[in-house]
Amino acid sequence: MMTMLIRLNILLIGLLVFIGSCNNNEPAPVNCDESDLAIVIGSIGDASSCSSSDGFIKTMVTGGMEPYQFSIDGQASQTSNEFNTMKAGIYTVRVTDANTCFKEVNNVTILAAGFSTSVDVTADNECLDGDGTITINIAEGVAPFLYKLGGGDFISENVFTGLQKGNHAITIKDNNNCTLNLNVTVPRGFTGTSWANEILPIVKVNCAKSLCHDGTGQADLRLYVNAKKFAADIKKFTQDKSMPRDGSLTQAQIDLIACWVDDGALEN
């Protein structure tokens, strides 16, 4: 009986060693925040008219892991780094690599002969309430012009205020009823989100629980040095809602954490 138990233990140890060696051979997950993937616009061809679809965008990509997938304004992806048959407008161009890491170029503008436009954008410096602005400038066209934000109504005002960071669909229409569709990105500015007054209270209530980031089972995230070290992971796992495991964070709390990390995870 003893001999059989010894043999079973040896077999079990061998199995564990085998499993461990297999796990060690698995590739480590890729941290996209540290990826060297990069995309730039190589060249742009303008459309011959407002109604024509003969513009183009050519991109250049370095780093990351091939093969790459390219998309524009979140539409279906393609393997080519060139976008042809494009109408005049403003676009967001994205490349995604084999590790599912992605990089974007925002506010890429294709002009149209006879009806061309540009935009001035100011960043959103509020975390929970937007204060970004988009100003539409018409270089040439048939006045008067009308402007529409998202699914709203056409108005004569060419300045949109109180905008949150992210992409905003804007439509311009001239007096010949020709329209341009713009996908304008408002960047995130510095929000000044406070570690002491806004983030630490969230951590104390929702993260520093028994055996969970209270310093006993996991790193104590109430200590700034630890929170700073794991800031990128804190943002990632709260945004995908895998942490805290009980899903106790509100969307406003998740947004505050992202703002603090994007600000540089300051001890403020």
# chains A, B, ... in the order shown; residues from 1 in each chain; ligands from 1
$ closest_atom_pairs --of "segment 127-189 of chain A" --to "segment 75-94 of chain A" --cutoff "10 Å" --atoms "only C-alpha atoms" --output "JSON lines"
{"residue": "A:Asn167", "atom": "CA", "partner": "A:Thr92", "partner_atom": "CA", "distance": 8.5}
{"residue": "A:Ala169", "atom": "CA", "partner": "A:Ile90", "partner_atom": "CA", "distance": 9.3}
{"residue": "A:Ile170", "atom": "CA", "partner": "A:Ile90", "partner_atom": "CA", "distance": 9.3}
{"residue": "A:Thr171", "atom": "CA", "partner": "A:Gly89", "partner_atom": "CA", "distance": 9.2}
{"residue": "A:Ile172", "atom": "CA", "partner": "A:Gly89", "partner_atom": "CA", "distance": 9.6}
{"residue": "A:Thr179", "atom": "CA", "partner": "A:Ala88", "partner_atom": "CA", "distance": 9.3}
{"residue": "A:Leu180", "atom": "CA", "partner": "A:Gly89", "partner_atom": "CA", "distance": 5.7}
{"residue": "A:Asn181", "atom": "CA", "partner": "A:Gly89", "partner_atom": "CA", "distance": 5.3}
{"residue": "A:Leu182", "atom": "CA", "partner": "A:Ile90", "partner_atom": "CA", "distance": 4.4}
{"residue": "A:Asn183", "atom": "CA", "partner": "A:Tyr91", "partner_atom": "CA", "distance": 5.2}
{"residue": "A:Val184", "atom": "CA", "partner": "A:Ile90", "partner_atom": "CA", "distance": 6.4}
{"residue": "A:Thr185", "atom": "CA", "partner": "A:Thr92", "partner_atom": "CA", "distance": 7.8}
$ select_by_dssp --residues "segment 26-193 of chain A" --states "strand (DSSP E)" --output "number ranges by chain"
A: 38-45, 55-62, 69-72, 82-86, 89-96, 102-110, 116-122, 132-140, 146-149, 159-163, 166-173, 179-186
$ closest_residue --among "A:Ser194, A:Thr133, A:Ser35, A:Asn176" --to "Ala98 of chain A" --atoms "only C-alpha atoms"
A:Ser35
$ atom_distance --atom1 "atom CA of Ile110 of chain A" --atom2 "atom CA of Gly189 of chain A"
25.7 Å
$ closest_residue --among "A:Met243, A:Ala208, A:Val203, A:Ile44" --to "Phe56 of chain A" --atoms "only C-alpha atoms"
A:Ile44
$ select_by_dssp --residues "segment 84-264 of chain A" --states "helix (DSSP H, G or I)" --output "number ranges by chain"
A: 195-206, 224-229, 231-239, 251-262
$ residues_around --residues "Glu34 of chain A" --least-positions-apart "4" --cutoff "10 Å" --atoms "only C-alpha atoms" --output "PyMOL selection string"
chain A and resi 30+64+101
$ atom_distance --atom1 "atom CA of Thr100 of chain A" --atom2 "atom CA of Met60 of chain A"
17.8 Å
$ closest_residue --among "A:Ala123, A:Ile155, A:Ala112, A:Ile234" --to "Ile138 of chain A" --atoms "only C-alpha atoms"
A:Ala112
$ atom_distance --atom1 "atom CA of Ser242 of chain A" --atom2 "atom CA of Gln164 of chain A"
24.9 Å
$ residues_around --residues "Lys209 of chain A" --least-positions-apart "2" --cutoff "12 Å" --atoms "only C-alpha atoms" --output "ChimeraX atom specification"
/A:202-207,211-222,244-246
$ closest_residue --among "A:Val261, A:Ala232, A:Val95, A:Val119" --to "Asn137 of chain A" --atoms "only C-alpha atoms"
A:Val119
$ residues_around --residues "Lys236 of chain A" --least-positions-apart "4" --cutoff "12 Å" --atoms "only C-alpha atoms" --output "list of chain:residue names"
A:Asn31, A:Cys32, A:Asp33, A:Phe230, A:Ala231, A:Ala232, A:Asp240, A:Lys241, A:Ser242, A:Met243, A:Pro244, A:Ile254, A:Asp255, A:Ile257, A:Ala258, A:Val261, A:Asp262
$ write_last_selection --atoms "all heavy atoms" --output "compact mmCIF listing (two decimals), in the first residue's frame"
# COMPACT_ATOMS: atom_id res chain seq x y z
N ASN A 31 1.73 43.52 -23.62
CA ASN A 31 1.28 44.79 -23.04
C ASN A 31 1.29 45.82 -24.17
O ASN A 31 2.33 46.30 -24.58
CB ASN A 31 2.21 45.22 -21.91
CG ASN A 31 1.72 46.50 -21.23
OD1 ASN A 31 0.81 47.18 -21.71
ND2 ASN A 31 2.32 46.83 -20.10
N CYS A 32 0.10 46.15 -24.67
CA CYS A 32 0.01 47.06 -25.81
C CYS A 32 0.49 48.46 -25.47
O CYS A 32 0.86 49.22 -26.37
CB CYS A 32 -1.42 47.10 -26.35
SG CYS A 32 -1.93 45.55 -27.14
N ASP A 33 0.48 48.82 -24.18
CA ASP A 33 0.99 50.14 -23.79
C ASP A 33 2.48 50.26 -24.07
O ASP A 33 3.00 51.37 -24.21
CB ASP A 33 0.72 50.41 -22.31
CG ASP A 33 -0.76 50.59 -22.01
OD1 ASP A 33 -1.49 51.02 -22.93
OD2 ASP A 33 -1.19 50.30 -20.88
N PHE A 230 1.36 50.29 -10.79
CA PHE A 230 0.38 49.47 -11.50
C PHE A 230 -0.71 50.31 -12.16
O PHE A 230 -1.78 49.79 -12.48
CB PHE A 230 -0.26 48.47 -10.52
CG PHE A 230 0.70 47.47 -9.95
CD1 PHE A 230 1.12 47.57 -8.63
CD2 PHE A 230 1.20 46.43 -10.72
CE1 PHE A 230 2.01 46.65 -8.09
CE2 PHE A 230 2.09 45.51 -10.19
CZ PHE A 230 2.50 45.62 -8.87
N ALA A 231 -0.43 51.59 -12.38
CA ALA A 231 -1.46 52.51 -12.89
C ALA A 231 -2.07 52.03 -14.20
O ALA A 231 -3.29 52.04 -14.37
CB ALA A 231 -0.86 53.91 -13.06
N ALA A 232 -1.24 51.60 -15.15
CA ALA A 232 -1.76 51.16 -16.45
C ALA A 232 -2.68 49.96 -16.30
O ALA A 232 -3.73 49.88 -16.95
CB ALA A 232 -0.61 50.84 -17.40
N ASP A 240 -12.22 47.32 -18.44
CA ASP A 240 -12.87 46.12 -18.97
C ASP A 240 -13.74 45.43 -17.91
O ASP A 240 -14.32 44.38 -18.16
CB ASP A 240 -11.87 45.14 -19.57
CG ASP A 240 -10.93 44.51 -18.53
OD1 ASP A 240 -11.23 44.51 -17.32
OD2 ASP A 240 -9.86 43.99 -18.94
N LYS A 241 -13.79 46.04 -16.73
CA LYS A 241 -14.67 45.63 -15.62
C LYS A 241 -14.35 44.25 -15.07
O LYS A 241 -15.20 43.59 -14.46
CB LYS A 241 -16.14 45.72 -16.05
CG LYS A 241 -16.56 47.14 -16.43
CD LYS A 241 -18.03 47.26 -16.73
CE LYS A 241 -18.38 48.72 -17.06
NZ LYS A 241 -19.81 48.89 -17.36
N SER A 242 -13.10 43.80 -15.29
CA SER A 242 -12.69 42.55 -14.67
C SER A 242 -12.26 42.78 -13.22
O SER A 242 -12.16 41.84 -12.45
CB SER A 242 -11.55 41.93 -15.47
OG SER A 242 -10.42 42.78 -15.53
N MET A 243 -11.99 44.02 -12.85
CA MET A 243 -11.67 44.40 -11.48
C MET A 243 -12.40 45.69 -11.14
O MET A 243 -12.53 46.56 -11.99
CB MET A 243 -10.15 44.59 -11.31
CG MET A 243 -9.34 43.31 -11.47
SD MET A 243 -9.67 42.07 -10.20
CE MET A 243 -8.82 42.84 -8.81
N PRO A 244 -12.88 45.81 -9.88
CA PRO A 244 -12.99 44.75 -8.87
C PRO A 244 -13.93 43.64 -9.34
O PRO A 244 -14.83 43.90 -10.13
CB PRO A 244 -13.58 45.48 -7.65
CG PRO A 244 -13.42 46.93 -7.92
CD PRO A 244 -13.43 47.09 -9.40
N ILE A 254 -14.92 54.66 -12.83
CA ILE A 254 -14.03 54.11 -13.85
C ILE A 254 -13.42 55.23 -14.68
O ILE A 254 -12.22 55.22 -14.99
CB ILE A 254 -14.82 53.12 -14.75
CG1 ILE A 254 -15.24 51.89 -13.95
CG2 ILE A 254 -13.99 52.70 -15.96
CD1 ILE A 254 -16.19 50.96 -14.68
N ASP A 255 -14.23 56.22 -15.03
CA ASP A 255 -13.74 57.35 -15.82
C ASP A 255 -12.72 58.18 -15.04
O ASP A 255 -11.72 58.65 -15.60
CB ASP A 255 -14.91 58.23 -16.25
CG ASP A 255 -15.82 57.54 -17.27
OD1 ASP A 255 -15.38 56.55 -17.88
OD2 ASP A 255 -16.96 58.00 -17.44
N ILE A 257 -10.65 57.11 -12.72
CA ILE A 257 -9.40 56.36 -12.70
C ILE A 257 -8.66 56.54 -14.01
O ILE A 257 -7.44 56.78 -14.04
CB ILE A 257 -9.67 54.87 -12.41
CG1 ILE A 257 -10.14 54.70 -10.96
CG2 ILE A 257 -8.42 54.03 -12.67
CD1 ILE A 257 -10.65 53.30 -10.63
N ALA A 258 -9.38 56.44 -15.14
CA ALA A 258 -8.75 56.61 -16.45
C ALA A 258 -8.16 58.01 -16.60
O ALA A 258 -7.05 58.17 -17.13
CB ALA A 258 -9.76 56.34 -17.56
N VAL A 261 -4.91 58.28 -14.57
CA VAL A 261 -3.79 57.58 -15.23
C VAL A 261 -3.34 58.37 -16.46
O VAL A 261 -2.14 58.55 -16.68
CB VAL A 261 -4.22 56.15 -15.63
CG1 VAL A 261 -3.12 55.47 -16.42
CG2 VAL A 261 -4.54 55.32 -14.38
N ASP A 262 -4.29 58.86 -17.25
CA ASP A 262 -3.93 59.60 -18.45
C ASP A 262 -3.21 60.90 -18.11
O ASP A 262 -2.40 61.40 -18.91
CB ASP A 262 -5.19 59.92 -19.27
CG ASP A 262 -5.79 58.68 -19.91
OD1 ASP A 262 -5.10 57.64 -19.97
OD2 ASP A 262 -6.96 58.74 -20.35
$ closest_residue --among "A:Ser210, A:Leu111, A:Ser118, A:Gln251" --to "Asp54 of chain A" --atoms "only C-alpha atoms"
A:Leu111
